[in-house]
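Chemist: You'll find start-v9.tsv just under this line, and it carries TSV, C-alpha atoms.
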chain	number	residue	atom	x	y	z
A	833	MET	CA	24.39	-16.24	-11.46
A	834	ASP	CA	26.72	-16.64	-14.49
A	835	LEU	CA	28.51	-13.58	-15.77
A	836	PRO	CA	30.36	-13.63	-19.11
A	837	LEU	CA	34.05	-12.89	-18.75
A	838	GLY	CA	35.05	-9.75	-20.59
A	839	ASP	CA	31.49	-8.42	-20.88
A	840	ARG	CA	31.42	-5.24	-22.98
A	841	ARG	CA	27.90	-3.93	-22.41
A	842	GLY	CA	27.35	-0.19	-22.37
A	843	ALA	CA	29.78	0.68	-25.18
A	844	GLY	CA	30.14	4.42	-25.62
A	845	SER	CA	29.07	5.22	-22.07
A	846	ALA	CA	31.28	6.86	-19.46
A	847	GLN	CA	31.53	3.51	-17.70
A	848	SER	CA	32.73	1.71	-20.81
A	849	LEU	CA	35.30	4.48	-21.44
A	850	ARG	CA	36.56	4.08	-17.87
A	851	ARG	CA	36.87	0.33	-18.37
A	852	ALA	CA	38.71	0.82	-21.66
A	853	ASN	CA	41.14	3.22	-19.99
A	854	ARG	CA	41.61	0.80	-17.10
A	855	ARG	CA	42.40	-2.06	-19.49
A	856	ARG	CA	44.84	0.12	-21.45
A	857	PHE	CA	46.54	1.12	-18.21
A	858	LEU	CA	46.79	-2.45	-16.89
A	859	GLY	CA	47.85	-3.75	-20.31
A	860	ALA	CA	50.85	-1.40	-20.25
A	861	LEU	CA	51.89	-2.67	-16.81
A	862	SER	CA	51.36	-6.28	-17.91
A	863	SER	CA	53.54	-5.77	-21.01
A	864	TRP	CA	56.29	-3.53	-19.63
A	865	GLY	CA	56.42	-4.16	-15.90
A	866	PRO	CA	56.75	-1.34	-13.31
A	867	LEU	CA	56.37	2.15	-14.82
A	868	SER	CA	56.29	5.68	-13.45
A	869	GLN	CA	53.08	7.67	-13.83
A	870	ALA	CA	54.74	9.80	-16.53
A	871	GLU	CA	55.75	6.64	-18.43
A	872	LEU	CA	52.24	5.26	-18.07
A	873	SER	CA	50.84	8.47	-19.54
A	874	ARG	CA	53.20	8.19	-22.55
A	875	GLU	CA	52.58	4.45	-23.10
A	876	THR	CA	48.78	4.66	-22.85
A	877	GLY	CA	48.11	8.11	-24.29
A	878	LEU	CA	46.09	8.91	-21.18
A	879	SER	CA	46.36	12.32	-19.54
A	880	PRO	CA	48.43	12.64	-16.34
A	881	ALA	CA	45.19	13.39	-14.45
A	882	ALA	CA	43.54	10.21	-15.81
A	883	VAL	CA	46.60	8.15	-14.88
A	884	SER	CA	46.66	9.63	-11.38
A	885	GLY	CA	42.96	8.80	-10.91
A	886	LEU	CA	43.47	5.21	-12.12
A	887	VAL	CA	46.43	4.73	-9.79
A	888	LYS	CA	44.32	5.77	-6.79
A	889	GLU	CA	41.42	3.54	-7.86
A	890	LEU	CA	43.58	0.47	-8.53
A	891	VAL	CA	45.62	0.86	-5.35
A	892	ALA	CA	42.34	0.90	-3.43
A	893	ASP	CA	41.26	-2.25	-5.31
A	894	GLU	CA	44.64	-3.87	-4.43
A	895	VAL	CA	45.34	-4.48	-8.13
A	896	VAL	CA	48.47	-2.26	-8.27
A	897	ARG	CA	50.97	-0.95	-5.75
A	898	VAL	CA	53.21	2.11	-5.73
A	899	ALA	CA	56.75	2.24	-4.44
A	900	SER	CA	59.70	4.61	-4.53
A	901	SER	CA	62.57	3.79	-6.88
A	902	THR	CA	65.67	5.46	-8.33
A	903	ARG	CA	66.13	6.13	-12.04
A	904	GLY	CA	69.38	7.77	-13.21
A	905	GLY	CA	70.01	9.18	-9.78
A	906	ARG	CA	66.50	10.60	-9.49
A	907	ARG	CA	63.79	9.28	-7.20
A	908	VAL	CA	60.56	8.30	-8.94
A	909	THR	CA	57.35	6.61	-7.86
A	910	GLU	CA	56.81	3.33	-9.74
A	911	VAL	CA	53.47	1.64	-10.29
A	912	SER	CA	53.40	-2.17	-10.59
A	913	LEU	CA	50.85	-4.98	-10.64
A	914	VAL	CA	50.23	-6.76	-7.36
A	915	GLU	CA	51.54	-10.29	-7.90
A	916	GLY	CA	51.50	-13.32	-5.68
A	917	GLU	CA	49.12	-12.17	-2.96
A	918	GLN	CA	45.86	-13.48	-4.41
A	919	LEU	CA	45.47	-17.25	-4.71
A	920	VAL	CA	43.63	-19.45	-7.21
A	921	LEU	CA	42.60	-23.10	-7.19
A	922	GLY	CA	42.90	-25.56	-10.07
A	923	VAL	CA	40.87	-28.75	-9.72
A	924	ASP	CA	40.83	-31.86	-11.92
A	925	LEU	CA	37.76	-34.01	-11.15
A	926	GLY	CA	37.95	-37.55	-12.48
A	927	HIS	CA	36.02	-40.78	-12.15
A	928	ARG	CA	38.97	-42.27	-10.26
A	929	HIS	CA	40.82	-39.28	-8.84
A	930	VAL	CA	40.57	-35.70	-7.66
A	931	ARG	CA	43.67	-33.54	-8.08
A	932	ILE	CA	43.82	-30.02	-6.65
A	933	ALA	CA	46.49	-27.32	-6.81
A	934	LEU	CA	46.87	-23.93	-5.15
A	935	ALA	CA	48.76	-21.18	-6.97
A	936	ASP	CA	49.53	-17.52	-6.41
A	937	SER	CA	48.63	-14.86	-8.97
A	938	ALA	CA	52.17	-14.99	-10.40
A	939	GLY	CA	51.50	-18.62	-11.41
A	940	THR	CA	53.65	-20.37	-8.83
A	941	ILE	CA	52.04	-23.61	-7.64
A	942	LEU	CA	52.30	-23.54	-3.86
A	943	ALA	CA	50.71	-26.87	-2.96
A	944	GLU	CA	49.17	-29.83	-4.77
A	945	PHE	CA	47.35	-32.96	-3.64
A	946	THR	CA	45.89	-36.02	-5.37
A	947	ASP	CA	43.07	-38.10	-3.90
A	948	ARG	CA	42.87	-41.44	-5.76
A	949	THR	CA	39.28	-42.28	-4.75
A	950	GLY	CA	37.58	-40.31	-7.51
A	951	VAL	CA	34.32	-38.36	-7.53
A	952	ALA	CA	31.14	-39.99	-6.20
A	953	TRP	CA	28.96	-37.72	-8.41
A	954	ARG	CA	26.71	-37.02	-5.44
A	955	LEU	CA	26.63	-33.28	-5.37
A	956	GLN	CA	26.41	-32.44	-1.68
A	957	SER	CA	29.08	-34.90	-0.55
A	958	ASP	CA	31.34	-33.97	-3.47
A	959	LEU	CA	31.04	-30.27	-2.65
A	960	SER	CA	31.94	-30.96	0.97
A	961	ARG	CA	34.93	-32.93	-0.20
A	962	LEU	CA	36.05	-30.12	-2.50
A	963	SER	CA	35.93	-27.71	0.42
A	964	GLU	CA	38.01	-30.11	2.52
A	965	LEU	CA	40.60	-30.51	-0.24
A	966	ARG	CA	40.76	-26.74	-0.65
A	967	ASP	CA	41.44	-26.39	3.07
A	968	ARG	CA	44.14	-29.06	2.85
A	969	VAL	CA	46.20	-27.40	0.09
A	970	VAL	CA	45.76	-23.99	1.68
A	971	GLN	CA	47.05	-25.39	4.97
A	972	ASP	CA	49.91	-27.21	3.21
A	973	ALA	CA	50.96	-23.90	1.65
A	974	ASN	CA	50.66	-22.12	5.02
A	975	ARG	CA	48.24	-19.60	3.51
A	976	SER	CA	44.77	-18.31	4.41
A	977	THR	CA	41.55	-19.52	2.78
A	978	SER	CA	40.44	-15.89	2.57
A	979	ALA	CA	43.25	-15.26	0.05
A	980	VAL	CA	41.69	-17.71	-2.46
A	981	VAL	CA	39.77	-15.59	-4.96
A	982	LEU	CA	38.89	-17.88	-7.91
A	983	ALA	CA	38.77	-21.55	-8.94
A	984	ALA	CA	38.80	-23.44	-12.25
A	985	ILE	CA	37.28	-26.93	-12.27
A	986	GLY	CA	37.91	-29.66	-14.86
A	987	VAL	CA	35.19	-32.25	-15.50
A	988	PRO	CA	35.43	-35.41	-17.65
A	989	VAL	CA	32.61	-34.42	-20.03
A	990	PRO	CA	31.89	-31.53	-22.39
A	991	PHE	CA	30.42	-28.80	-20.23
A	992	GLU	CA	28.01	-25.97	-20.96
A	993	PRO	CA	26.42	-24.04	-18.07
A	994	THR	CA	23.12	-24.03	-19.96
A	995	ARG	CA	23.18	-27.84	-20.47
A	996	PRO	CA	24.18	-29.36	-17.13
A	997	GLY	CA	22.41	-32.61	-17.99
A	998	ARG	CA	25.66	-33.88	-19.51
A	999	LEU	CA	27.03	-34.27	-15.99
A	1000	ALA	CA	26.32	-37.39	-13.99
A	1001	ARG	CA	23.60	-38.11	-11.46
A	1002	GLU	CA	23.03	-35.39	-8.87
A	1003	TRP	CA	25.40	-33.01	-10.69
A	1004	SER	CA	22.77	-32.69	-13.43
A	1005	VAL	CA	21.09	-29.71	-11.78
A	1006	GLU	CA	20.45	-26.17	-12.83
A	1007	ASP	CA	23.32	-23.79	-12.02
A	1008	VAL	CA	25.79	-26.47	-10.91
A	1009	SER	CA	28.55	-23.88	-11.45
A	1010	GLY	CA	26.84	-21.59	-8.95
A	1011	ARG	CA	26.50	-24.44	-6.45
A	1012	ILE	CA	30.25	-25.11	-6.65
A	1013	ALA	CA	31.01	-21.38	-6.37
A	1014	GLN	CA	28.81	-21.20	-3.27
A	1015	ALA	CA	30.55	-24.19	-1.68
A	1016	LEU	CA	34.03	-22.79	-2.31
A	1017	GLY	CA	33.05	-19.18	-1.64
A	1018	VAL	CA	34.74	-17.87	-4.79
A	1019	PRO	CA	33.86	-17.37	-8.47
A	1020	VAL	CA	34.23	-20.58	-10.49
A	1021	VAL	CA	34.83	-21.43	-14.14
A	1022	ILE	CA	34.23	-25.00	-15.38
A	1023	GLU	CA	35.96	-26.59	-18.38
A	1024	ASN	CA	36.32	-30.02	-19.97
A	1025	ASP	CA	39.33	-31.85	-18.53
A	1026	ALA	CA	41.00	-32.66	-21.89
A	1027	ASN	CA	40.76	-28.98	-22.83
A	1028	LEU	CA	42.52	-28.15	-19.58
A	1029	GLY	CA	45.19	-30.73	-20.40
A	1030	ALA	CA	45.74	-28.97	-23.71
A	1031	ILE	CA	46.02	-25.61	-21.93
A	1032	GLY	CA	48.51	-27.03	-19.43
A	1033	GLU	CA	50.69	-28.54	-22.16
A	1034	ALA	CA	50.49	-25.35	-24.24
A	1035	ARG	CA	51.62	-23.17	-21.36
A	1036	ARG	CA	54.05	-25.37	-19.45
A	1037	GLY	CA	54.50	-28.67	-21.28
A	1038	ALA	CA	55.21	-30.36	-24.60
A	1039	GLY	CA	53.08	-27.91	-26.59
A	1040	ASN	CA	54.66	-24.64	-25.46
A	1041	ASP	CA	56.51	-24.22	-28.77
A	1042	CYS	CA	53.73	-25.50	-31.02
A	1043	ALA	CA	50.78	-23.57	-32.50
A	1044	ASP	CA	48.82	-26.63	-33.69
A	1045	PHE	CA	48.60	-29.83	-31.69
A	1046	ILE	CA	46.17	-32.48	-30.50
A	1047	TYR	CA	46.28	-33.32	-26.81
A	1048	VAL	CA	44.88	-36.77	-25.95
A	1049	LYS	CA	43.92	-37.62	-22.40
A	1050	ALA	CA	44.30	-41.40	-22.19
A	1051	ALA	CA	42.99	-42.65	-18.87
A	1052	HIS	CA	39.98	-44.78	-17.95
A	1053	GLY	CA	38.25	-42.95	-20.83
A	1054	LEU	CA	39.53	-40.99	-23.83
A	1055	GLY	CA	39.19	-37.33	-24.74
A	1056	ALA	CA	41.10	-34.73	-26.71
A	1057	GLY	CA	41.83	-31.02	-26.52
A	1058	LEU	CA	42.56	-29.20	-29.79
A	1059	VAL	CA	44.93	-26.25	-30.03
A	1060	LEU	CA	44.68	-24.77	-33.53
A	1061	GLY	CA	46.41	-21.55	-34.51
A	1062	SER	CA	47.54	-21.14	-30.88
A	1063	GLN	CA	43.91	-21.08	-29.69
A	1064	LEU	CA	41.92	-23.68	-27.82
A	1065	TYR	CA	39.21	-24.92	-30.19
A	1066	ARG	CA	35.91	-25.87	-28.56
A	1067	GLY	CA	33.71	-25.96	-31.65
A	1068	GLY	CA	30.33	-24.36	-32.25
A	1069	LEU	CA	28.65	-26.96	-30.02
A	1070	ASN	CA	31.31	-26.54	-27.28
A	1071	ALA	CA	32.22	-30.24	-27.44
A	1072	ALA	CA	35.17	-30.59	-29.83
A	1073	GLY	CA	37.58	-33.42	-29.10
A	1074	GLU	CA	35.26	-36.28	-28.18
A	1075	ILE	CA	37.46	-38.84	-29.94
A	1076	GLY	CA	36.54	-41.56	-27.46
A	1077	HIS	CA	33.13	-41.75	-29.12
A	1078	MET	CA	34.30	-41.90	-32.71
A	1079	SER	CA	33.05	-45.21	-34.07
A	1080	VAL	CA	35.67	-47.65	-35.31
A	1081	ASP	CA	33.17	-50.47	-35.94
A	1082	ASP	CA	29.49	-49.77	-36.60
A	1083	ALA	CA	28.73	-53.41	-35.78
A	1084	GLY	CA	30.77	-53.29	-32.58
A	1085	PRO	CA	29.53	-53.43	-28.99
A	1086	LEU	CA	27.13	-50.87	-27.60
A	1087	CYS	CA	28.61	-47.89	-25.81
A	1088	ALA	CA	27.07	-45.96	-22.91
A	1089	CYS	CA	26.80	-42.95	-25.24
A	1090	GLY	CA	24.31	-44.89	-27.40
A	1091	GLY	CA	26.73	-45.57	-30.23
A	1092	ARG	CA	28.35	-48.79	-31.38
A	1093	GLY	CA	32.01	-49.63	-31.65
A	1094	CYS	CA	33.27	-46.42	-30.03
A	1095	LEU	CA	37.04	-46.02	-29.73
A	1096	GLU	CA	36.79	-46.00	-25.92
A	1097	LEU	CA	35.66	-49.61	-26.06
A	1098	TYR	CA	38.96	-50.60	-27.70
A	1099	ALA	CA	41.61	-48.12	-26.60
A	1100	ALA	CA	40.81	-46.60	-23.19
A	1101	GLY	CA	42.07	-47.81	-19.84
A	1102	GLY	CA	38.74	-49.43	-19.07
A	1103	ALA	CA	38.89	-51.45	-22.30
A	1104	ILE	CA	42.46	-52.57	-21.56
A	1105	ALA	CA	41.39	-53.70	-18.08
A	1106	THR	CA	38.50	-55.70	-19.57
A	1107	ALA	CA	40.80	-57.40	-22.07
A	1108	LEU	CA	43.31	-58.30	-19.38
A	1109	ALA	CA	40.56	-59.70	-17.13
A	1110	ARG	CA	40.00	-62.42	-19.73
A	1111	VAL	CA	43.60	-63.55	-19.15
A	1112	HIS	CA	44.10	-62.84	-15.45
A	1113	GLY	CA	40.60	-63.38	-14.06
A	1114	SER	CA	40.04	-59.90	-12.65
A	1115	GLU	CA	40.30	-56.35	-13.95
A	1116	PRO	CA	43.52	-54.57	-12.97
A	1117	SER	CA	43.41	-50.92	-12.00
A	1118	LEU	CA	44.88	-48.34	-14.34
A	1119	HIS	CA	47.79	-47.96	-11.92
A	1120	ASP	CA	48.43	-51.73	-12.12
A	1121	ILE	CA	48.27	-51.63	-15.93
A	1122	VAL	CA	50.92	-48.91	-16.04
A	1123	THR	CA	53.14	-50.60	-13.43
A	1124	ARG	CA	53.02	-54.07	-15.01
A	1125	CYS	CA	53.44	-52.74	-18.53
A	1126	LEU	CA	56.57	-50.84	-17.43
A	1127	ALA	CA	57.77	-54.07	-15.77
A	1128	GLY	CA	57.53	-55.77	-19.17
A	1129	GLU	CA	54.75	-58.31	-18.48
A	1130	PRO	CA	53.92	-59.56	-22.00
A	1131	SER	CA	50.11	-59.51	-21.76
A	1132	PHE	CA	50.11	-55.97	-20.34
A	1133	VAL	CA	52.57	-54.69	-22.92
A	1134	ARG	CA	50.52	-56.25	-25.74
A	1135	ALA	CA	47.20	-54.94	-24.40
A	1136	VAL	CA	48.56	-51.39	-24.18
A	1137	ALA	CA	50.16	-51.63	-27.63
A	1138	ASP	CA	46.92	-52.90	-29.20
A	1139	ALA	CA	45.02	-50.03	-27.59
A	1140	GLY	CA	47.63	-47.55	-28.81
A	1141	GLN	CA	47.36	-48.80	-32.37
A	1142	HIS	CA	43.56	-48.42	-32.33
A	1143	LEU	CA	44.03	-44.91	-30.99
A	1144	GLY	CA	46.59	-44.23	-33.71
A	1145	TYR	CA	44.17	-45.26	-36.47
A	1146	VAL	CA	41.63	-42.70	-35.27
A	1147	LEU	CA	44.29	-40.04	-34.82
A	1148	ALA	CA	45.37	-40.73	-38.40
A	1149	ASN	CA	41.95	-39.50	-39.55
A	1150	VAL	CA	42.25	-36.47	-37.25
A	1151	THR	CA	45.68	-35.82	-38.77
A	1152	ASN	CA	44.31	-36.00	-42.30
A	1153	LEU	CA	41.59	-33.52	-41.35
A	1154	LEU	CA	43.52	-30.99	-39.22
A	1155	ALA	CA	47.21	-31.58	-40.06
A	1156	PRO	CA	48.54	-30.89	-36.54
A	1157	SER	CA	52.29	-30.59	-36.03
A	1158	ARG	CA	52.20	-32.70	-32.90
A	1159	ILE	CA	50.10	-35.26	-31.03
A	1160	ILE	CA	50.63	-35.12	-27.26
A	1161	LEU	CA	49.63	-38.16	-25.21
A	1162	GLY	CA	48.62	-37.37	-21.63
A	1163	GLY	CA	46.57	-38.93	-18.87
A	1164	GLU	CA	47.68	-41.72	-16.57
A	1165	LEU	CA	48.01	-44.26	-19.41
A	1166	SER	CA	50.71	-42.12	-21.05
A	1167	SER	CA	52.98	-43.02	-18.11
A	1168	VAL	CA	53.87	-46.27	-19.93
A	1169	GLY	CA	55.91	-44.11	-22.31
A	1170	ASN	CA	57.27	-45.64	-25.52
A	1171	THR	CA	54.96	-48.66	-25.48
A	1172	LEU	CA	52.03	-46.33	-26.09
A	1173	VAL	CA	53.87	-43.68	-28.14
A	1174	ASP	CA	55.32	-46.20	-30.60
A	1175	ALA	CA	51.98	-47.97	-31.05
A	1176	VAL	CA	50.12	-44.70	-31.68
A	1177	GLN	CA	52.85	-43.60	-34.11
A	1178	ARG	CA	52.45	-46.86	-36.06
A	1179	GLY	CA	48.70	-46.38	-36.27
A	1180	VAL	CA	49.05	-42.77	-37.42
A	1181	ARG	CA	51.62	-43.62	-40.09
A	1182	THR	CA	49.54	-46.55	-41.32
A	1183	GLY	CA	46.30	-44.59	-41.61
A	1184	ALA	CA	47.29	-41.02	-42.43
A	1185	ALA	CA	48.28	-39.60	-45.78
A	1186	ARG	CA	51.96	-40.41	-46.16
A	1187	THR	CA	53.31	-36.87	-46.12
A	1188	LEU	CA	51.28	-36.05	-43.00
A	1189	GLY	CA	51.89	-39.30	-41.16
A	1190	GLU	CA	55.65	-38.97	-41.59
A	1191	GLN	CA	55.73	-35.38	-40.32
A	1192	VAL	CA	53.43	-35.34	-37.30
A	1193	GLU	CA	55.25	-35.94	-34.01
A	1194	VAL	CA	53.80	-38.22	-31.34
A	1195	VAL	CA	55.14	-37.44	-27.86
A	1196	CYS	CA	54.24	-37.92	-24.21
A	1197	ALA	CA	52.86	-34.99	-22.24
A	1198	GLY	CA	55.57	-32.91	-20.64
A	1199	LEU	CA	53.45	-32.62	-17.49
A	1200	GLY	CA	52.41	-36.28	-17.40
A	1201	ASP	CA	49.07	-36.84	-15.69
A	1202	ARG	CA	49.31	-33.37	-14.07
A	1203	ALA	CA	48.47	-31.58	-17.33
A	1204	GLU	CA	44.79	-31.13	-16.42
A	1205	VAL	CA	45.34	-29.60	-13.00
A	1206	VAL	CA	48.09	-27.31	-14.32
A	1207	GLY	CA	45.72	-26.28	-17.12
A	1208	ALA	CA	43.06	-25.55	-14.51
A	1209	VAL	CA	45.49	-23.27	-12.69
A	1210	GLU	CA	46.33	-21.48	-15.95
A	1211	LEU	CA	42.64	-20.99	-16.78
A	1212	ALA	CA	41.97	-19.69	-13.27
A	1213	LEU	CA	44.82	-17.20	-13.64
A	1214	ALA	CA	43.52	-16.02	-17.01
A	1215	ALA	CA	40.00	-15.68	-15.59
A	1216	LEU	CA	41.37	-13.72	-12.63
A	1217	ARG	CA	43.17	-11.31	-14.95
A	1218	GLU	CA	39.98	-10.86	-16.97
A	1219	GLN	CA	38.04	-10.19	-13.78
A	1220	LEU	CA	40.60	-7.56	-12.80
A	1221	GLU	CA	40.37	-6.18	-16.37
A	1222	ILE	CA	44.03	-6.95	-17.06
A	1223	PRO	CA	44.30	-7.77	-20.79
A	1224	VAL	CA	45.19	-11.42	-21.45
A	1225	ALA	CA	47.58	-11.31	-24.39
A	1226	ASP	CA	47.88	-15.08	-24.84
A	1227	PRO	CA	45.53	-16.09	-27.72
A	1228	LEU	CA	45.16	-19.54	-26.13
A	1229	PHE	CA	42.66	-18.05	-23.71
A	1230	ASN	CA	39.79	-17.07	-26.00
A	1231	ILE	CA	37.69	-16.97	-22.85
A	1232	ALA	CA	35.14	-14.41	-23.99
A	1233	SER	CA	33.98	-16.78	-26.75
A	1234	GLY	CA	31.95	-18.89	-24.37
A	1235	GLN	CA	33.35	-19.27	-20.88
A	1236	LYS	CA	31.22	-18.26	-17.92
A	1237	LEU	CA	32.30	-17.20	-14.47
A	1238	ALA	CA	29.83	-18.36	-11.80
A	1239	GLN	CA	29.64	-16.16	-8.72
A	1240	PRO	CA	28.82	-17.32	-5.18
A	1241	SER	CA	25.47	-15.94	-4.09
A	1242	THR	CA	25.62	-12.97	-1.77
A	1243	SER	CA	22.23	-13.83	-0.28
A	1244	ALA	CA	23.26	-17.15	1.26
Go ahead and render the structure in this file as structure tokens.

Modeler:
Amino acid sequence: MDLPLGDRRGAGSAQSLRRANRRRFLGALSSWGPLSQAELSRETGLSPAAVSGLVKELVADEVVRVASSTRGGRRVTEVSLVEGEQLVLGVDLGHRHVRIALADSAGTILAEFTDRTGVAWRLQSDLSRLSELRDRVVQDANRSTSAVVLAAIGVPVPFEPTRPGRLAREWSVEDVSGRIAQALGVPVVIENDANLGAIGEARRGAGNDCADFIYVKAAHGLGAGLVLGSQLYRGGLNAAGEIGHMSVDDAGPLCACGGRGCLELYAAGGAIATALARVHGSEPSLHDIVTRCLAGEPSFVRAVADAGQHLGYVLANVTNLLAPSRIILGGELSSVGNTLVDAVQRGVRTGAARTLGEQVEVVCAGLGDRAEVVGAVELALAALREQLEIPVADPLFNIASGQKLAQPSTSA
């Protein structure tokens, strides 16, 4: 079943008071590092007896550890969070790749692997494959599968647990999150891949010093993640950022979404491949597009630049509406670098209000095409801390606003 992260039911009860005390206790350790029990009592306002009881409970739960230390020549017993022993998985599922990373609870990525064959969107075989990839990165890191305690999965569509029909083919089943959790044997949280890219760039990439930016995943398709006021913005319908289906020509070709003239038909990797097929006779892969554009082949450079300018025109409207400080271009297509950046910048400056167009930065993702899997790791870590009732101070992770943590069934 799906359990909301950070559930606060039973307010005012003894159980809710215990949880509040536990969060206060863990929040102090998260903010200040190892503390003695006396220091914990002062920092939290909890009685020494309450602190002692929480230490015993959390040591038993393997959330904290105690160790002897010396302070000013005196021996004290320090309490600290257990870091690094529990493992999380971050997974980026794409139409043409699967990327998976294993990290410890301190955030260190221990192993990472990319499978370029993509997802078949046949649930049973895809779940078996996920399990195999999990085993591979665990083995590569010389760790045990039993140490993996949570996974975050990125999917290339807006995702709501109550509306799984947005996923393709056999994935459009009730409780797909629970099915994945059962296959991996750990709780699972699912998020849109562009949102994960935004999280990755905010935490470890080109957005880590920026409170308001638009992250664009430019790959075979197009999507965006919005970070506004240092928070990931999903929108009331949980689908913010679908720029690939903004219409640029209402008399244009039909799109699979049912619209006409969608941006994806002009600016995504698939559209570039189609345009180049008219010149070269067959559609190049996205990898070939990047490689041959970087090599300076005129038709490839022009096709990417044309796509970038279309993308820039749409981002100009987004800039006029939201006034972000920065536009971060990620996904595999961003690997072409300045050819794409310069074209998008031209489109933004042409279409946006002058003062905005001149100020907004357009840059490549600091993490390149790894932004989504790194974002998945960061989300998994935040979800793990929430599950352990450790306060997550970073406002980026407004998890309680809508994220769900699917649990593997205990009856299977």

Chemist: Just the number, please: distance in Å from CA of Gly1091 (chain A) to CA of Pro1156 (chain A), one decimal.

Modeler: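 Interatomic distance, CA of Gly1091 (chain A) to CA of Pro1156 (chain A): 27.0 Å.
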
Chemist: Using Å and a single decimal, report how far CA of Ala1015 (chain A) sits from CA of Ser963 (chain A).

Modeler: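 So the two atoms, CA of Ser963 (chain A) and CA of Ala1015 (chain A), lie 6.8 Å apart.
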
Chemist: List the spatial neighbours of region 975-979 of chain A as an MDAnalysis selection string - criterion: any atom at most 9 Å away, only C-alpha atoms, same-chain residues fewer than 4 positions off excluded.

Modeler: chainID A and resid 917:920 966:967 969:971

Chemist: Skipping near chain neighbours, those fewer than 4 positions away, what residues fall within 7 Å of Gly926 (chain A) using all atoms listed in the file, listed as a ChimeraX atom specification?

Modeler: /A:930,950-951,987-988

Chemist: Out of A:Leu925, A:Ala1038, A:Ala1135, A:Ala938, which residue has the shortest atom-to-atom distance to Val1122 (chain A) when counting only C-alpha atoms?

Modeler: A:Ala1135

Chemist: Which value, in Å to one decimal, gives the distance between CA of Arg856 (chain A) and CA of Ser873 (chain A)?

Modeler: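 Straight-line distance from CA of Arg856 (chain A) to CA of Ser873 (chain A) works out to 10.5 Å.
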
Chemist: Can you tell me, as JSON, numbers by chain, what residues are no more than 10 Å from region 1104-1120 of chain A when counting all atoms listed in the file, ignoring any on the same chain fewer than 2 positions away?

Modeler: {"A": [928, 1051, 1052, 1096, 1097, 1098, 1099, 1100, 1101, 1102, 1122, 1123, 1124, 1125, 1126, 1131, 1132, 1134, 1135, 1136, 1137, 1138, 1139, 1164, 1165, 1167]}

Chemist: So, with only C-alpha atoms as the atoms that count, which of A:Val1209, A:Val914, A:Gln1141, A:Ala1030 lies closest to Ala892 (chain A)?

Modeler: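 Ranking A:Val1209, A:Val914, A:Gln1141, A:Ala1030 by distance to Ala892 (chain A), first place goes to A:Val914.
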
Chemist: What's around Leu1058 (chain A) at 10 Å? Count all atoms listed in the file, leave out sequence neighbours fewer than 2 positions away in its own chain, and write the answer as a list in words.

Modeler: Ala1026, Asn1027, Gly1029, Ala1030, Ile1031, Asp1044, Phe1045, Ile1046, Tyr1047, Val1048, Ala1056, Leu1060, Gly1061, Ser1062, Gln1063, Leu1064, Tyr1065, Arg1066, Gly1067, Ala1072, Gly1073, Leu1154, Pro1156 and Ile1159 of chain A

Chemist: Please tell me which residues are no farther than 12 Å from (46.8, -42.2, -41.6) in the file, counting only C-alpha atoms, and write them as a ChimeraX atom specification.

Modeler: /A:1141-1155,1176-1192

Chemist: Could you save the residues just selected, with C-alpha atoms, as a compact mmCIF listing (two decimals), keeping the file's coordinate frame?

Modeler:
# COMPACT_ATOMS: atom_id res chain seq x y z
CA GLN A 1141 47.36 -48.80 -32.37
CA HIS A 1142 43.56 -48.42 -32.33
CA LEU A 1143 44.03 -44.91 -30.99
CA GLY A 1144 46.59 -44.23 -33.71
CA TYR A 1145 44.17 -45.26 -36.47
CA VAL A 1146 41.63 -42.70 -35.27
CA LEU A 1147 44.29 -40.04 -34.82
CA ALA A 1148 45.37 -40.73 -38.40
CA ASN A 1149 41.95 -39.50 -39.55
CA VAL A 1150 42.25 -36.47 -37.25
CA THR A 1151 45.68 -35.82 -38.77
CA ASN A 1152 44.31 -36.00 -42.30
CA LEU A 1153 41.59 -33.52 -41.35
CA LEU A 1154 43.52 -30.99 -39.22
CA ALA A 1155 47.21 -31.58 -40.06
CA VAL A 1176 50.12 -44.70 -31.68
CA GLN A 1177 52.85 -43.60 -34.11
CA ARG A 1178 52.45 -46.86 -36.06
CA GLY A 1179 48.70 -46.38 -36.27
CA VAL A 1180 49.05 -42.77 -37.42
CA ARG A 1181 51.62 -43.62 -40.09
CA THR A 1182 49.54 -46.55 -41.32
CA GLY A 1183 46.30 -44.59 -41.61
CA ALA A 1184 47.29 -41.02 -42.43
CA ALA A 1185 48.28 -39.60 -45.78
CA ARG A 1186 51.96 -40.41 -46.16
CA THR A 1187 53.31 -36.87 -46.12
CA LEU A 1188 51.28 -36.05 -43.00
CA GLY A 1189 51.89 -39.30 -41.16
CA GLU A 1190 55.65 -38.97 -41.59
CA GLN A 1191 55.73 -35.38 -40.32
CA VAL A 1192 53.43 -35.34 -37.30

Chemist: In the coordinate frame of the file, compute which residues have an atom within 12 Å of (63.1, 5.3, -9.6) when using all atoms listed in the file, and state them as a list in words.

Modeler: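 Counting all atoms listed in the file, I find these residues within 12 Å of (63.1, 5.3, -9.6): Pro866, Leu867, Ser868, Gln869, Ala870, Glu871, Val898, Ala899, Ser900, Ser901, Thr902, Arg903, Gly904, Gly905, Arg906, Arg907, Val908, Thr909, Glu910 and Val911 of chain A.
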
Chemist: Extract, using only C-alpha atoms, all DNA, RNA and protein residues at most 9 Å from Arg855 (chain A), discarding same-chain residues fewer than 3 positions from it, and format them as a PyMOL selection string.

Modeler: chain A and resi 850-852+858-860+1220-1223

Chemist: Quick one: axis-aligned box around all listed atoms of region 916-928 of chain A, 6 Å on every side, centre and edge lengths in Å to one decimal, written as lines of an AutoDock Vina configuration file.

Modeler:
center_x = 43.8
center_y = -27.2
center_z = -7.7
size_x = 27.5
size_y = 42.1
size_z = 21.5
